[in-house]
Amino acid sequence: MPRERKPKADSKRDAYSSGLGLLARREHSARELKAKLARRGHVDDDVKKAVDQLADKRYQSDDRFGVSIARTRIAQGYGPHRIRAELKSHGLAEAAIRSAIAATDADWLAVAAAQLQRRFGGKPAAEAAERARRAQFLLRRGFDPATVRTVTRAIVDDPGEEFD
């Protein structure tokens, strides 16, 4: 017979303290923080009030969270469309997403070229099929078609807003 799970909320720790503890480990978006506190058994009103207080004291910031995620993903070799989709999934507003990506001041051509180098080595693609394969790789990583065309010299169809 499976054991019953008790809520994780500790009577000694309120939602604010739990949220502060989570933020001490890493940045969280407001939506993500609210969800984690709710899973720990805190009441919705307490959760909302705690997250608002944490944001007022600048312990929680969606802008800071967005820039942090964007920088991490750029270092991992992802493009702007993929980063935008991830930030959107974390509940960031469109303006916050745009400013986070702009704050990184990334050279997307260099990031895309580095990914090609890492994945396929220094040899240029000899035939059109290989260029297309490399272009698809970069598109899946979230680079825009113009960047992919420039880096791979392949003909790429614009998939539109595939990641949104």
# chains A, B, ... in the order shown; residues from 1 in each chain; ligands from 1

$ residues_around --residues "Ser99 (chain A)" --least-positions-apart "6" --cutoff "10 Å" --atoms "only C-alpha atoms" --output "short mmCIF file (atom, residue, chain, number, x, y, z; two decimals) with all heavy atoms, in the first residue's frame"
data_model
loop_
_atom_site.label_atom_id
_atom_site.label_comp_id
_atom_site.auth_asym_id
_atom_site.auth_seq_id
_atom_site.Cartn_x
_atom_site.Cartn_y
_atom_site.Cartn_z
N ASP A 63 13.51 40.05 -15.17
CA ASP A 63 14.52 40.59 -16.08
C ASP A 63 15.87 39.92 -15.85
O ASP A 63 16.54 39.49 -16.79
CB ASP A 63 14.65 42.10 -15.92
CG ASP A 63 13.40 42.84 -16.35
OD1 ASP A 63 12.65 42.31 -17.19
OD2 ASP A 63 13.17 43.96 -15.85
N GLY A 66 15.74 36.33 -16.99
CA GLY A 66 15.79 36.23 -18.45
C GLY A 66 17.19 36.38 -18.99
O GLY A 66 17.62 35.60 -19.87
N VAL A 67 17.92 37.35 -18.49
CA VAL A 67 19.30 37.56 -18.94
C VAL A 67 20.17 36.36 -18.56
O VAL A 67 21.00 35.90 -19.36
CB VAL A 67 19.88 38.87 -18.37
CG1 VAL A 67 21.37 38.98 -18.65
CG2 VAL A 67 19.14 40.07 -18.93
#

$ atom_distance --atom1 "CA of Ser89 (chain A)" --atom2 "CA of Arg73 (chain A)"
14.3 Å

$ residues_around --residues "Gln60 (chain A)" --least-positions-apart "5" --cutoff "12 Å" --atoms "only C-alpha atoms" --output "PyMOL selection string"
chain A and resi 16+19-34+50-55+65-66

$ select_by_dssp --residues "region 19-162 of chain A" --states "alpha helix (DSSP H)" --output "PyMOL selection string"
chain A and resi 19-25+30-39+44-56+62-75+80-89+94-104+108-120+128-140+145-152

$ write_last_selection --atoms "C-alpha atoms" --output "CSV table (one decimal), in the first residue's frame"
chain,number,residue,atom,x,y,z
A,19,GLY,CA,10.9,31.4,-1.7
A,20,LEU,CA,14.0,33.1,-0.4
A,21,GLY,CA,15.6,29.7,0.1
A,22,LEU,CA,14.8,28.8,-3.5
A,23,LEU,CA,16.2,32.0,-4.8
A,24,ALA,CA,19.4,31.6,-2.8
A,25,ARG,CA,20.1,28.5,-5.0
A,30,ALA,CA,7.9,34.6,-10.9
A,31,ARG,CA,5.7,32.0,-12.4
A,32,GLU,CA,8.2,29.2,-11.7
A,33,LEU,CA,8.6,30.4,-8.1
A,34,LYS,CA,4.8,30.5,-7.6
A,35,ALA,CA,4.5,27.0,-8.9
A,36,LYS,CA,7.3,25.6,-6.7
A,37,LEU,CA,5.8,27.3,-3.6
A,38,ALA,CA,2.4,25.9,-4.4
A,39,ARG,CA,3.8,22.4,-4.8
A,44,ASP,CA,-2.2,30.7,-3.0
A,45,ASP,CA,-2.7,34.0,-1.2
A,46,ASP,CA,0.5,33.5,0.8
A,47,VAL,CA,2.4,32.5,-2.4
A,48,LYS,CA,1.3,35.6,-4.3
A,49,LYS,CA,2.1,37.9,-1.4
A,50,ALA,CA,5.5,36.3,-0.9
A,51,VAL,CA,6.5,36.5,-4.5
A,52,ASP,CA,5.4,40.1,-4.6
A,53,GLN,CA,7.5,40.9,-1.6
A,54,LEU,CA,10.5,39.1,-3.0
A,55,ALA,CA,10.2,41.1,-6.2
A,56,ASP,CA,9.8,44.4,-4.3
A,62,ASP,CA,12.1,38.3,-14.2
A,63,ASP,CA,14.5,40.6,-16.1
A,64,ARG,CA,17.5,39.2,-14.3
A,65,PHE,CA,16.2,35.6,-14.7
A,66,GLY,CA,15.8,36.2,-18.5
A,67,VAL,CA,19.3,37.6,-18.9
A,68,SER,CA,20.7,34.7,-16.9
A,69,ILE,CA,18.9,32.0,-19.0
A,70,ALA,CA,19.8,33.8,-22.3
A,71,ARG,CA,23.5,34.0,-21.5
A,72,THR,CA,23.5,30.3,-20.4
A,73,ARG,CA,21.8,29.2,-23.6
A,74,ILE,CA,24.0,31.3,-25.8
A,75,ALA,CA,27.1,29.7,-24.2
A,80,PRO,CA,17.6,33.6,-30.4
A,81,HIS,CA,14.4,31.8,-31.5
A,82,ARG,CA,15.0,28.8,-29.2
A,83,ILE,CA,15.9,31.2,-26.3
A,84,ARG,CA,12.8,33.2,-26.9
A,85,ALA,CA,10.7,30.1,-26.8
A,86,GLU,CA,12.3,28.9,-23.5
A,87,LEU,CA,11.8,32.3,-21.8
A,88,LYS,CA,8.2,32.4,-23.0
A,89,SER,CA,7.6,29.0,-21.4
A,94,GLU,CA,7.5,39.8,-24.5
A,95,ALA,CA,9.2,43.0,-23.6
A,96,ALA,CA,11.3,41.2,-20.9
A,97,ILE,CA,12.3,38.6,-23.4
A,98,ARG,CA,13.4,41.1,-26.0
A,99,SER,CA,15.4,43.1,-23.4
A,100,ALA,CA,17.0,39.9,-22.1
A,101,ILE,CA,18.2,38.8,-25.5
A,102,ALA,CA,19.4,42.3,-26.4
A,103,ALA,CA,21.3,42.6,-23.1
A,104,THR,CA,23.5,39.6,-24.0
A,108,TRP,CA,24.8,35.2,-33.6
A,109,LEU,CA,27.0,34.6,-36.6
A,110,ALA,CA,29.9,33.7,-34.4
A,111,VAL,CA,27.7,31.5,-32.1
A,112,ALA,CA,26.3,29.6,-35.2
A,113,ALA,CA,29.7,29.2,-36.7
A,114,ALA,CA,31.1,27.8,-33.4
A,115,GLN,CA,28.2,25.3,-33.3
A,116,LEU,CA,29.0,24.2,-36.9
A,117,GLN,CA,32.7,23.8,-36.0
A,118,ARG,CA,31.9,21.9,-32.8
A,119,ARG,CA,29.4,19.5,-34.5
A,120,PHE,CA,30.9,19.0,-38.0
A,128,ALA,CA,24.2,20.6,-51.3
A,129,ALA,CA,22.7,17.7,-49.2
A,130,GLU,CA,25.4,18.2,-46.6
A,131,ARG,CA,24.9,21.9,-46.5
A,132,ALA,CA,21.1,21.4,-46.0
A,133,ARG,CA,21.8,18.9,-43.2
A,134,ARG,CA,24.0,21.5,-41.4
A,135,ALA,CA,21.4,24.2,-42.0
A,136,GLN,CA,18.7,22.1,-40.5
A,137,PHE,CA,20.9,21.5,-37.5
A,138,LEU,CA,21.2,25.3,-36.9
A,139,LEU,CA,17.5,25.9,-37.5
A,140,ARG,CA,16.7,23.3,-34.8
A,145,PRO,CA,17.3,31.6,-41.6
A,146,ALA,CA,19.4,34.6,-42.6
A,147,THR,CA,22.1,33.6,-40.1
A,148,VAL,CA,21.9,30.0,-41.2
A,149,ARG,CA,22.2,31.0,-44.9
A,150,THR,CA,25.2,33.2,-44.2
A,151,VAL,CA,27.0,30.5,-42.1
A,152,THR,CA,26.2,27.5,-44.2

$ atom_distance --atom1 "CA of Ala15 (chain A)" --atom2 "CA of Tyr59 (chain A)"
14.0 Å

$ atom_distance --atom1 "CA of His42 (chain A)" --atom2 "CA of Arg13 (chain A)"
9.7 Å
